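Participant: Mind having a look at this structure? Questions to follow.
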Amino acid sequence: MSSEAFKALAREQMGSKDAAVLEYCTLDPAPLVDEEAGSTYAKPPPKTASSLVNNWKKWERTLRLNLAKVRAQKLKRDGKLVIEAPDDPAEAVAAAKTALVMESPLEAELYLDKARWDAIESFQGLNIFSEDCIYAYLIKLLLMERKAMFNAEEGYAEYKRLYAAILGEKK
């Protein structure tokens, strides 16, 4: 079942307040983007009625900001980052650091998705009849759809293109 089909089915079965939270179940921690600023993660994402979704958004934002920080350090970029990378949750910080020492970009992406999956499971809790279980399942479906789009040859070619562009920009 696709994430869109699952979301439609869940929306039919949930109350309007709980169904509204489904829109915040995304892989991006700030899906409601300021058109001028873009997706900067300058501010924490808005709170929802779900502790799972709130924890997930915080975890993913921390991961992305720490990935940017470690990449900047690795490339010896001078200057301070526009947004200071949070150090909580520690698991997200550790995942960012570990992923960026991996040789293969595909291996790093798979590692990050596994860390994301583990984070969702830790936030889900034991109540399998809660709305949070539905939100967790939807986010996991999104992760599986993302993984299904990976193509090693195209990914490696894009990695080489981006890396060359970054090195050219640094000169």
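Labels for the structure tokens follow display order: chains A, B, ..., residues from 1 in each chain, ligands from 1.
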As JSON, numbers by chain, list the residues of range 46-142 of chain A assigned to helix (DSSP H, G or I) by DSSP on the backbone atoms of this structure.
Facilitator: {"A": [51, 52, 53, 54, 55, 56, 57, 58, 59, 60, 61, 62, 63, 64, 65, 66, 67, 68, 69, 70, 71, 72, 73, 74, 90, 91, 92, 93, 94, 95, 96, 97, 98, 99, 105, 106, 107, 108, 109, 110, 111, 112, 113, 114, 115, 116, 117, 118, 119, 120, 121, 122, 123, 124, 131, 132, 133, 134, 135, 136, 137, 138, 139, 140, 141, 142]}
Participant: Pick from A:Ser130, A:Ser3, A:Ser50, A:Gln124: nearest to Met144 in chain A, with only C-alpha atoms counted?
Facilitator: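 Under the stated criterion, the closest residue is A:Ser3.
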Participant: Of the residues A:Pro89, A:Glu84, A:Glu154, A:Lys147, which is the one nearest to Lys114 in chain A, using only C-alpha atoms?
Facilitator: A:Lys147
Participant: Mind giving me the straight-line distance from CA of Ser16 in chain A to CA of Ser122 in chain A in Å, one decimal?
Facilitator: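 Taking CA of Ser16 in chain A as the start and CA of Ser122 in chain A as the end point, the length is 26.1 Å.
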Participant: Give me the residues within 12 Å of Ser104 in chain A as a list in words, counting only C-alpha atoms and dropping any in the same chain fewer than 2 places off.
Facilitator: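 The neighbour list is Ala99, Leu100, Val101, Met102, Leu106, Glu107, Ala108, Glu109, Leu110, Tyr111, Ala152, Gly155, Tyr156, Tyr159 and Lys160 of chain A.
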